[in-house]
$ cat query-v4.json   # JSON, C-alpha atoms
[["chain", "number", "residue", "atom", "x", "y", "z"],
["A", 1, "MET", "CA", 22.45, -7.86, 9.38],
["A", 2, "GLY", "CA", 20.12, -4.85, 9.13],
["A", 3, "LYS", "CA", 19.21, -2.42, 11.88],
["A", 4, "ASP", "CA", 15.95, -4.27, 12.36],
["A", 5, "GLY", "CA", 17.73, -7.51, 13.15],
["A", 6, "THR", "CA", 16.85, -9.18, 9.85],
["A", 7, "ASN", "CA", 19.55, -10.31, 7.50],
["A", 8, "ASP", "CA", 19.96, -8.82, 4.04],
["A", 9, "LYS", "CA", 18.53, -11.84, 2.25],
["A", 10, "ALA", "CA", 15.45, -11.85, 4.44],
["A", 11, "ARG", "CA", 14.96, -8.12, 3.87],
["A", 12, "ALA", "CA", 15.32, -8.55, 0.11],
["A", 13, "LEU", "CA", 12.86, -11.43, 0.16],
["A", 14, "ILE", "CA", 10.34, -9.49, 2.22],
["A", 15, "ASP", "CA", 10.58, -6.46, -0.05],
["A", 16, "ALA", "CA", 10.30, -8.59, -3.18],
["A", 17, "ASN", "CA", 7.18, -10.23, -1.78],
["A", 18, "LEU", "CA", 5.76, -6.80, -0.92],
["A", 19, "LYS", "CA", 6.23, -5.73, -4.52],
["A", 20, "ARG", "CA", 4.64, -8.93, -5.81],
["A", 21, "VAL", "CA", 1.59, -8.58, -3.57],
["A", 22, "PHE", "CA", 1.16, -4.95, -4.59],
["A", 23, "GLU", "CA", 1.68, -5.65, -8.29],
["A", 24, "GLU", "CA", -0.86, -8.47, -8.22],
["A", 25, "GLN", "CA", -3.39, -6.03, -6.85],
["A", 26, "LEU", "CA", -2.51, -3.51, -9.57],
["A", 27, "GLU", "CA", -3.60, -6.00, -12.21],
["A", 28, "ALA", "CA", -7.11, -6.35, -10.79],
["A", 29, "ASP", "CA", -9.89, -4.77, -12.84],
["A", 30, "LEU", "CA", -11.37, -1.60, -11.45],
["A", 31, "PRO", "CA", -14.91, -2.11, -10.15],
["A", 32, "ASP", "CA", -17.76, -0.90, -12.33],
["A", 33, "SER", "CA", -18.92, 1.40, -9.53],
["A", 34, "LEU", "CA", -15.65, 3.30, -9.77],
["A", 35, "LYS", "CA", -15.86, 3.54, -13.55],
["A", 36, "ASP", "CA", -19.44, 4.87, -13.20],
["A", 37, "LEU", "CA", -18.26, 7.42, -10.66],
["A", 38, "LEU", "CA", -15.53, 8.64, -13.01],
["A", 39, "GLU", "CA", -18.08, 9.05, -15.80],
["A", 40, "GLN", "CA", -20.31, 11.07, -13.50],
["A", 41, "LEU", "CA", -17.43, 13.27, -12.41],
["A", 42, "ARG", "CA", -16.32, 13.84, -15.98],
["A", 43, "ALA", "CA", -19.86, 14.67, -17.04],
["A", 44, "GLN", "CA", -20.16, 17.16, -14.17],
["A", 45, "SER", "CA", -16.79, 18.71, -14.99],
["A", 46, "ASP", "CA", -17.64, 19.00, -18.68],
["A", 47, "GLY", "CA", -20.80, 20.85, -17.75],
["A", 48, "ASP", "CA", -19.11, 23.12, -15.25],
["A", 49, "PRO", "CA", -17.69, 26.32, -16.83],
["A", 50, "GLN", "CA", -15.26, 26.74, -13.91],
["A", 51, "ASP", "CA", -13.78, 23.33, -14.57],
["A", 52, "LYS", "CA", -13.43, 24.10, -18.25],
["A", 53, "GLN", "CA", -11.20, 27.06, -17.39],
["A", 54, "LYS", "CA", -8.78, 24.81, -15.46],
["B", 1, "MET", "CA", 5.80, 19.85, -24.17],
["B", 2, "THR", "CA", 2.15, 19.19, -23.41],
["B", 3, "THR", "CA", 0.96, 18.88, -19.84],
["B", 4, "LYS", "CA", -1.31, 15.96, -19.12],
["B", 5, "ASP", "CA", -4.77, 16.82, -17.85],
["B", 6, "PRO", "CA", -4.59, 16.15, -14.09],
["B", 7, "ARG", "CA", -7.95, 14.37, -14.31],
["B", 8, "ASP", "CA", -6.44, 11.87, -16.73],
["B", 9, "GLU", "CA", -3.39, 11.55, -14.52],
["B", 10, "LEU", "CA", -5.65, 10.85, -11.56],
["B", 11, "VAL", "CA", -7.32, 8.01, -13.47],
["B", 12, "ASP", "CA", -3.89, 6.54, -14.28],
["B", 13, "HIS", "CA", -3.17, 6.16, -10.56],
["B", 14, "LEU", "CA", -6.44, 4.41, -9.68],
["B", 15, "PRO", "CA", -5.10, 0.84, -9.80],
["B", 16, "ALA", "CA", -2.31, 1.80, -7.39],
["B", 17, "LEU", "CA", -4.74, 3.73, -5.23],
["B", 18, "ARG", "CA", -7.01, 0.71, -5.01],
["B", 19, "ALA", "CA", -4.08, -1.58, -4.24],
["B", 20, "PHE", "CA", -3.04, 0.76, -1.43],
["B", 21, "ALA", "CA", -6.60, 0.82, -0.10],
["B", 22, "LEU", "CA", -6.75, -2.98, -0.15],
["B", 23, "SER", "CA", -3.48, -3.23, 1.73],
["B", 24, "LEU", "CA", -4.77, -0.86, 4.40],
["B", 25, "THR", "CA", -8.28, -2.24, 4.82],
["B", 26, "ARG", "CA", -7.82, -5.92, 3.82],
["B", 27, "ASN", "CA", -11.44, -5.73, 2.66],
["B", 28, "GLY", "CA", -12.45, -5.27, -0.97],
["B", 29, "SER", "CA", -15.75, -3.49, -0.48],
["B", 30, "ILE", "CA", -14.38, -1.14, 2.19],
["B", 31, "ALA", "CA", -11.37, -0.46, -0.02],
["B", 32, "ASP", "CA", -13.62, 0.37, -2.98],
["B", 33, "ASP", "CA", -15.71, 2.74, -0.86],
["B", 34, "MET", "CA", -12.54, 4.43, 0.34],
["B", 35, "VAL", "CA", -11.19, 4.78, -3.19],
["B", 36, "GLN", "CA", -14.48, 6.33, -4.29],
["B", 37, "ASP", "CA", -14.34, 8.83, -1.41],
["B", 38, "THR", "CA", -10.75, 9.63, -2.29],
["B", 39, "VAL", "CA", -11.52, 10.11, -5.98],
["B", 40, "VAL", "CA", -14.37, 12.50, -5.22],
["B", 41, "LYS", "CA", -12.23, 14.50, -2.79],
["B", 42, "ALA", "CA", -9.30, 14.61, -5.21],
["B", 43, "TRP", "CA", -11.44, 15.45, -8.24],
["B", 44, "THR", "CA", -13.16, 18.31, -6.49],
["B", 45, "ASN", "CA", -9.86, 19.63, -5.12],
["B", 46, "LEU", "CA", -7.68, 19.25, -8.19],
["B", 47, "ASP", "CA", -7.08, 22.99, -8.15],
["B", 48, "LYS", "CA", -5.18, 22.43, -4.88],
["B", 49, "PHE", "CA", -2.84, 19.88, -6.44],
["B", 50, "GLU", "CA", 0.51, 21.45, -7.21],
["B", 51, "LYS", "CA", 1.43, 20.64, -10.80],
["B", 52, "GLY", "CA", 4.81, 19.04, -11.11],
["B", 53, "THR", "CA", 4.57, 17.32, -7.75],
["B", 54, "ASN", "CA", 3.87, 13.64, -7.20],
["B", 55, "MET", "CA", 0.18, 13.00, -7.81],
["B", 56, "ARG", "CA", 0.37, 9.43, -6.54],
["B", 57, "ALA", "CA", 1.75, 10.69, -3.24],
["B", 58, "TRP", "CA", -1.03, 13.30, -3.09],
["B", 59, "LEU", "CA", -3.72, 10.69, -3.75],
["B", 60, "PHE", "CA", -2.24, 8.22, -1.27],
["B", 61, "THR", "CA", -2.19, 10.97, 1.36],
["B", 62, "ILE", "CA", -5.89, 11.71, 0.81],
["B", 63, "LEU", "CA", -6.69, 8.01, 0.95],
["B", 64, "ARG", "CA", -4.78, 7.32, 4.15],
["B", 65, "ASN", "CA", -6.33, 10.38, 5.80],
["B", 66, "THR", "CA", -9.73, 9.00, 4.79],
["B", 67, "PHE", "CA", -8.79, 5.59, 6.20],
["B", 68, "TYR", "CA", -7.69, 6.90, 9.58],
["B", 69, "SER", "CA", -10.61, 9.31, 9.76],
["B", 70, "ASN", "CA", -13.06, 6.46, 9.09],
["B", 71, "ARG", "CA", -11.25, 4.27, 11.58],
["B", 72, "ARG", "CA", -11.59, 6.86, 14.31],
["B", 73, "LYS", "CA", -15.29, 7.19, 13.56],
["B", 74, "ALA", "CA", -15.82, 3.45, 13.70],
["B", 75, "LYS", "CA", -13.54, 2.65, 16.59],
["B", 76, "ARG", "CA", -15.84, 0.01, 17.98],
["B", 77, "GLU", "CA", -16.04, -1.89, 14.69],
["B", 78, "VAL", "CA", -12.29, -1.69, 14.23],
["B", 79, "ALA", "CA", -11.79, -3.16, 17.69],
["B", 80, "ASP", "CA", -13.96, -6.09, 16.57],
["B", 81, "VAL", "CA", -11.87, -6.55, 13.45],
["B", 82, "ASP", "CA", -8.77, -6.55, 15.62],
["B", 83, "GLY", "CA", -10.30, -9.38, 17.60],
["B", 84, "VAL", "CA", -10.55, -11.49, 14.46],
["B", 85, "PHE", "CA", -7.05, -10.45, 13.67],
["B", 86, "THR", "CA", -5.74, -11.58, 17.03],
["B", 87, "ASN", "CA", -7.27, -15.01, 16.48],
["B", 88, "ASN", "CA", -5.56, -15.25, 13.13],
["B", 89, "MET", "CA", -2.24, -14.37, 14.71],
["B", 90, "ALA", "CA", -2.39, -17.56, 16.72],
["B", 91, "GLU", "CA", -2.11, -19.55, 13.50],
["B", 92, "LYS", "CA", 1.47, -20.11, 12.51],
["B", 93, "PRO", "CA", 2.27, -20.06, 8.79],
["B", 94, "ALA", "CA", 2.25, -23.64, 7.54],
["B", 95, "HIS", "CA", 5.00, -23.48, 4.96],
["B", 96, "ASP", "CA", 6.91, -26.61, 5.84],
["B", 97, "GLY", "CA", 10.11, -25.12, 4.57],
["B", 98, "LYS", "CA", 8.53, -23.42, 1.57],
["B", 99, "LEU", "CA", 7.49, -19.84, 1.90],
["B", 100, "GLN", "CA", 4.30, -19.41, -0.08],
["B", 101, "MET", "CA", 2.81, -16.10, -1.02],
["B", 102, "THR", "CA", -0.27, -17.06, 0.95],
["B", 103, "ASP", "CA", 1.84, -17.20, 4.07],
["B", 104, "PHE", "CA", 3.33, -13.87, 3.25],
["B", 105, "ARG", "CA", -0.08, -12.29, 2.75],
["B", 106, "LYS", "CA", -1.29, -13.70, 6.05],
["B", 107, "ALA", "CA", 1.78, -12.47, 7.86],
["B", 108, "PHE", "CA", 1.52, -9.06, 6.22],
["B", 109, "ALA", "CA", -2.13, -8.76, 7.22],
["B", 110, "GLN", "CA", -1.12, -9.27, 10.84],
["B", 111, "LEU", "CA", 1.10, -6.19, 10.94],
["B", 112, "PRO", "CA", -0.18, -3.07, 12.68],
["B", 113, "ASP", "CA", -1.72, -0.57, 10.24],
["B", 114, "GLU", "CA", 1.16, 1.86, 10.52],
["B", 115, "GLN", "CA", 3.79, -0.76, 9.72],
["B", 116, "ARG", "CA", 1.73, -2.16, 6.87],
["B", 117, "GLU", "CA", 1.21, 1.19, 5.22],
["B", 118, "THR", "CA", 4.87, 2.12, 5.65],
["B", 119, "LEU", "CA", 6.05, -1.07, 3.98],
["B", 120, "ILE", "CA", 3.61, -0.59, 1.11],
["B", 121, "LEU", "CA", 4.73, 3.00, 0.60],
["B", 122, "VAL", "CA", 8.46, 2.40, 0.94],
["B", 123, "GLY", "CA", 8.90, -1.27, 0.10],
["B", 124, "ALA", "CA", 6.32, -1.78, -2.65],
["B", 125, "ASN", "CA", 5.91, 1.70, -4.14],
["B", 126, "GLY", "CA", 9.46, 2.90, -3.79],
["B", 127, "PHE", "CA", 8.66, 6.16, -2.03],
["B", 128, "SER", "CA", 11.64, 7.52, -0.16],
["B", 129, "TYR", "CA", 11.55, 7.63, 3.63],
["B", 130, "GLU", "CA", 11.22, 11.41, 3.34],
["B", 131, "GLU", "CA", 8.26, 11.17, 0.95],
["B", 132, "ALA", "CA", 6.54, 8.57, 3.11],
["B", 133, "ALA", "CA", 7.11, 10.73, 6.19],
["B", 134, "GLY", "CA", 5.48, 13.66, 4.43],
["B", 135, "MET", "CA", 2.51, 11.56, 3.38],
["B", 136, "CYS", "CA", 2.01, 10.15, 6.87],
["B", 137, "GLY", "CA", 2.67, 13.42, 8.67],
["B", 138, "VAL", "CA", 5.41, 11.97, 10.86],
["B", 139, "ALA", "CA", 9.17, 12.32, 11.25],
["B", 140, "VAL", "CA", 11.51, 10.47, 8.88],
["B", 141, "GLY", "CA", 12.90, 8.54, 11.84],
["B", 142, "THR", "CA", 9.42, 7.31, 12.66],
["B", 143, "ILE", "CA", 8.99, 5.94, 9.14],
["B", 144, "LYS", "CA", 12.38, 4.23, 9.29],
["B", 145, "SER", "CA", 11.48, 2.73, 12.62],
["B", 146, "ARG", "CA", 8.10, 1.50, 11.35],
["B", 147, "ALA", "CA", 9.72, -0.03, 8.26],
["B", 148, "ASN", "CA", 12.37, -1.77, 10.35],
["B", 149, "ARG", "CA", 9.86, -3.07, 12.87],
["B", 150, "GLY", "CA", 7.54, -4.17, 10.07],
["B", 151, "ARG", "CA", 10.26, -6.16, 8.33],
["B", 152, "LYS", "CA", 11.42, -7.67, 11.59],
["B", 153, "HIS", "CA", 7.85, -8.59, 12.47],
["B", 154, "LEU", "CA", 7.33, -10.21, 9.05],
["B", 155, "ALA", "CA", 10.59, -12.14, 9.36],
["B", 156, "GLU", "CA", 9.46, -13.43, 12.74],
["B", 157, "LEU", "CA", 5.98, -14.33, 11.54],
["B", 158, "MET", "CA", 7.42, -16.21, 8.58],
["B", 159, "HIS", "CA", 10.17, -17.79, 10.68],
["B", 160, "LEU", "CA", 12.88, -16.47, 8.38],
["B", 161, "ASP", "CA", 16.43, -16.84, 9.55],
["B", 162, "GLU", "CA", 19.80, -16.24, 7.98],
["B", 163, "ASN", "CA", 20.19, -19.73, 6.57],
["B", 164, "ASP", "CA", 16.88, -20.33, 4.87],
["B", 165, "ALA", "CA", 15.72, -16.93, 3.73],
["B", 166, "ILE", "CA", 16.14, -17.49, 0.02],
["B", 167, "GLU", "CA", 15.60, -21.22, -0.07],
["B", 168, "MET", "CA", 12.12, -20.76, 1.39],
["B", 169, "THR", "CA", 10.63, -19.17, -1.66],
["B", 170, "ASP", "CA", 9.67, -19.89, -5.23],
["B", 171, "SER", "CA", 11.65, -19.28, -8.39],
["B", 172, "ALA", "CA", 9.67, -16.16, -9.36],
["B", 173, "THR", "CA", 10.48, -14.42, -6.10],
["B", 174, "VAL", "CA", 14.10, -15.51, -6.25],
["B", 175, "ALA", "CA", 14.29, -13.89, -9.69],
["B", 176, "ILE", "CA", 12.84, -10.64, -8.33],
["B", 177, "VAL", "CA", 15.22, -10.70, -5.39],
["B", 178, "ALA", "CA", 18.11, -11.28, -7.74],
["B", 179, "SER", "CA", 17.14, -8.32, -9.90],
["B", 180, "ASN", "CA", 15.90, -5.87, -7.26],
["B", 181, "GLY", "CA", 16.88, -7.08, -3.87],
["B", 182, "SER", "CA", 20.26, -5.48, -3.47],
["B", 183, "SER", "CA", 18.99, -2.04, -4.42],
["B", 184, "ALA", "CA", 15.74, -2.13, -2.49],
["B", 185, "PHE", "CA", 17.08, -0.27, 0.53]]
$ encode --input "query-v4.json" --output "structure tokens"
Amino acid sequence: MGKDGTNDKARALIDANLKRVFEEQLEADLPDSLKDLLEQLRAQSDGDPQDKQK
Amino acid sequence: MTTKDPRDELVDHLPALRAFALSLTRNGSIADDMVQDTVVKAWTNLDKFEKGTNMRAWLFTILRNTFYSNRRKAKREVADVDGVFTNNMAEKPAHDGKLQMTDFRKAFAQLPDEQRETLILVGANGFSYEEAAGMCGVAVGTIKSRANRGRKHLAELMHLDENDAIEMTDSATVAIVASNGSSAF
């Protein structure tokens, strides 16, 4: 029994489900709006001499 | 040894950043807006990122600060969301002896924000209690307490007890539990 009152199997099950839910979300495609934003940021950085020095 | 451009490293963490945002907001469009805000803040402050430290932790910290800042600004709207949430809480998971992932997601969505984020950081991402405490700006004991209360709350919502914990799930989850469960905490 854990400190939270749940047994070890329940804790393991909960944590495994947490990982599954998170990993499912990791597989989702990034939205186009985010890809566009990254392109804009890269374009700005490439044109910014200060960024080039980094 | 070549050092990876931090901008490329930032891009590598975007799927995890978006997953974290989704777990906090439970809303795809709000999550995407928050990720965009976070990316802009991180990109324009990359010079403040300490090389050699954990970029995912840094990005998650920016994102959660954005989340709580937005939540404070929109307190009235959040209260409305909580109302919907409360209604959902009245619905018991209908698993009939079989724990489905849908039930788990519903139960997880009912946790308070702080417990949900703690479980995602510690349980799903494998951050240590100390790392999670640093990211959330609270004491380690607070994180441990939130994680314990979150798990207990989930166990209650899913009606898990000592006898049926493992039997109430599918073969894929049993396999994960078998491979990871004992070392999770």
$ interface_residues --input "query-v4.json" --of "chain A" --to "chain B" --cutoff "7 Å" --atoms "only C-alpha atoms" --output "JSON, numbers by chain"
{"A": [4, 5, 6, 7, 9, 10, 11, 12, 13, 14, 15, 16, 17, 18, 19, 22, 25, 26, 30, 34]}
$ atom_distance --input "query-v4.json" --atom1 "atom CA of A:Glu23" --atom2 "atom CA of B:Ala74"
29.5 Å
$ closest_residue --input "query-v4.json" --among "B:Thr38, B:Asn27, B:Thr3, B:Thr61" --to "A:Leu37" --atoms "only C-alpha atoms"
B:Thr38
$ atom_distance --input "query-v4.json" --atom1 "atom CA of A:Gly47" --atom2 "atom CA of B:Ala31"
29.3 Å
$ atom_distance --input "query-v4.json" --atom1 "atom CA of B:Ala132" --atom2 "atom CA of A:Glu27"
23.4 Å
$ decode --input "query-v4.json" --residues "stretch 10-43 of chain A" --atoms "N, CA and C atoms" --output "mmCIF file, in the first residue's frame"
data_model
loop_
_atom_site.group_PDB
_atom_site.id
_atom_site.type_symbol
_atom_site.label_atom_id
_atom_site.label_comp_id
_atom_site.auth_asym_id
_atom_site.auth_seq_id
_atom_site.Cartn_x
_atom_site.Cartn_y
_atom_site.Cartn_z
ATOM 1 N N ALA A 10 -2.409 -0.730 -8.413
ATOM 2 C CA ALA A 10 -3.225 0.400 -8.884
ATOM 3 C C ALA A 10 -2.326 1.552 -9.295
ATOM 4 N N ARG A 11 -1.296 1.810 -8.504
ATOM 5 C CA ARG A 11 -0.357 2.898 -8.831
ATOM 6 C C ARG A 11 0.335 2.616 -10.157
ATOM 7 N N ALA A 12 0.777 1.365 -10.334
ATOM 8 C CA ALA A 12 1.460 1.005 -11.581
ATOM 9 C C ALA A 12 0.515 1.151 -12.765
ATOM 10 N N LEU A 13 -0.724 0.759 -12.570
ATOM 11 C CA LEU A 13 -1.715 0.862 -13.642
ATOM 12 C C LEU A 13 -1.985 2.324 -13.992
ATOM 13 N N ILE A 14 -2.143 3.128 -12.971
ATOM 14 C CA ILE A 14 -2.396 4.562 -13.194
ATOM 15 C C ILE A 14 -1.229 5.183 -13.944
ATOM 16 N N ASP A 15 -0.020 4.890 -13.507
ATOM 17 C CA ASP A 15 1.147 5.497 -14.153
ATOM 18 C C ASP A 15 1.331 4.990 -15.582
ATOM 19 N N ALA A 16 1.020 3.710 -15.800
ATOM 20 C CA ALA A 16 1.110 3.178 -17.167
ATOM 21 C C ALA A 16 0.089 3.866 -18.065
ATOM 22 N N ASN A 17 -1.100 4.075 -17.544
ATOM 23 C CA ASN A 17 -2.129 4.770 -18.332
ATOM 24 C C ASN A 17 -1.729 6.217 -18.598
ATOM 25 N N LEU A 18 -1.113 6.856 -17.618
ATOM 26 C CA LEU A 18 -0.625 8.228 -17.821
ATOM 27 C C LEU A 18 0.359 8.275 -18.986
ATOM 28 N N LYS A 19 1.270 7.314 -18.990
ATOM 29 C CA LYS A 19 2.269 7.271 -20.074
ATOM 30 C C LYS A 19 1.592 7.036 -21.416
ATOM 31 N N ARG A 20 0.615 6.138 -21.428
ATOM 32 C CA ARG A 20 -0.074 5.848 -22.696
ATOM 33 C C ARG A 20 -0.801 7.077 -23.222
ATOM 34 N N VAL A 21 -1.510 7.763 -22.336
ATOM 35 C CA VAL A 21 -2.258 8.953 -22.765
ATOM 36 C C VAL A 21 -1.286 9.991 -23.318
ATOM 37 N N PHE A 22 -0.168 10.188 -22.616
ATOM 38 C CA PHE A 22 0.800 11.186 -23.051
ATOM 39 C C PHE A 22 1.442 10.776 -24.374
ATOM 40 N N GLU A 23 1.788 9.493 -24.488
ATOM 41 C CA GLU A 23 2.454 9.031 -25.709
ATOM 42 C C GLU A 23 1.521 9.086 -26.918
ATOM 43 N N GLU A 24 0.245 8.851 -26.687
ATOM 44 C CA GLU A 24 -0.724 8.984 -27.790
ATOM 45 C C GLU A 24 -0.744 10.418 -28.311
ATOM 46 N N GLN A 25 -0.653 11.346 -27.374
ATOM 47 C CA GLN A 25 -0.672 12.761 -27.775
ATOM 48 C C GLN A 25 0.621 13.146 -28.495
ATOM 49 N N LEU A 26 1.711 12.476 -28.136
ATOM 50 C CA LEU A 26 2.990 12.771 -28.795
ATOM 51 C C LEU A 26 2.949 12.424 -30.282
ATOM 52 N N GLU A 27 2.138 11.430 -30.611
ATOM 53 C CA GLU A 27 2.093 10.960 -32.004
ATOM 54 C C GLU A 27 1.247 11.854 -32.905
ATOM 55 N N ALA A 28 0.504 12.762 -32.311
ATOM 56 C CA ALA A 28 -0.355 13.638 -33.123
ATOM 57 C C ALA A 28 0.502 14.583 -33.959
ATOM 58 N N ASP A 29 0.029 14.848 -35.175
ATOM 59 C CA ASP A 29 0.753 15.781 -36.052
ATOM 60 C C ASP A 29 0.690 17.189 -35.469
ATOM 61 N N LEU A 30 1.778 17.920 -35.655
ATOM 62 C CA LEU A 30 1.766 19.315 -35.230
ATOM 63 C C LEU A 30 0.855 20.109 -36.160
ATOM 64 N N PRO A 31 0.122 21.066 -35.632
ATOM 65 C CA PRO A 31 -0.758 21.860 -36.494
ATOM 66 C C PRO A 31 0.045 22.718 -37.464
ATOM 67 N N ASP A 32 -0.556 22.971 -38.626
ATOM 68 C CA ASP A 32 0.124 23.778 -39.649
ATOM 69 C C ASP A 32 0.481 25.167 -39.112
ATOM 70 N N SER A 33 -0.393 25.700 -38.255
ATOM 71 C CA SER A 33 -0.130 27.049 -37.725
ATOM 72 C C SER A 33 1.194 27.088 -36.959
ATOM 73 N N LEU A 34 1.496 26.001 -36.280
ATOM 74 C CA LEU A 34 2.747 25.953 -35.522
ATOM 75 C C LEU A 34 3.947 25.814 -36.461
ATOM 76 N N LYS A 35 3.759 25.010 -37.503
ATOM 77 C CA LYS A 35 4.841 24.871 -38.493
ATOM 78 C C LYS A 35 5.108 26.217 -39.181
ATOM 79 N N ASP A 36 4.028 26.944 -39.503
ATOM 80 C CA ASP A 36 4.178 28.269 -40.128
ATOM 81 C C ASP A 36 4.924 29.218 -39.193
ATOM 82 N N LEU A 37 4.555 29.153 -37.913
ATOM 83 C CA LEU A 37 5.208 30.022 -36.929
ATOM 84 C C LEU A 37 6.709 29.737 -36.868
ATOM 85 N N LEU A 38 7.057 28.454 -36.873
ATOM 86 C CA LEU A 38 8.476 28.088 -36.815
ATOM 87 C C LEU A 38 9.227 28.620 -38.038
ATOM 88 N N GLU A 39 8.581 28.528 -39.190
ATOM 89 C CA GLU A 39 9.208 29.057 -40.418
ATOM 90 C C GLU A 39 9.440 30.555 -40.298
ATOM 91 N N GLN A 40 8.445 31.247 -39.776
ATOM 92 C CA GLN A 40 8.579 32.702 -39.596
ATOM 93 C C GLN A 40 9.724 33.023 -38.632
ATOM 94 N N LEU A 41 9.768 32.290 -37.543
ATOM 95 C CA LEU A 41 10.813 32.550 -36.546
ATOM 96 C C LEU A 41 12.203 32.265 -37.120
ATOM 97 N N ARG A 42 12.296 31.179 -37.871
ATOM 98 C CA ARG A 42 13.584 30.844 -38.486
ATOM 99 C C ARG A 42 13.992 31.916 -39.491
ATOM 100 N N ALA A 43 13.012 32.369 -40.275
ATOM 101 C CA ALA A 43 13.307 33.397 -41.277
ATOM 102 C C ALA A 43 13.774 34.683 -40.593
#
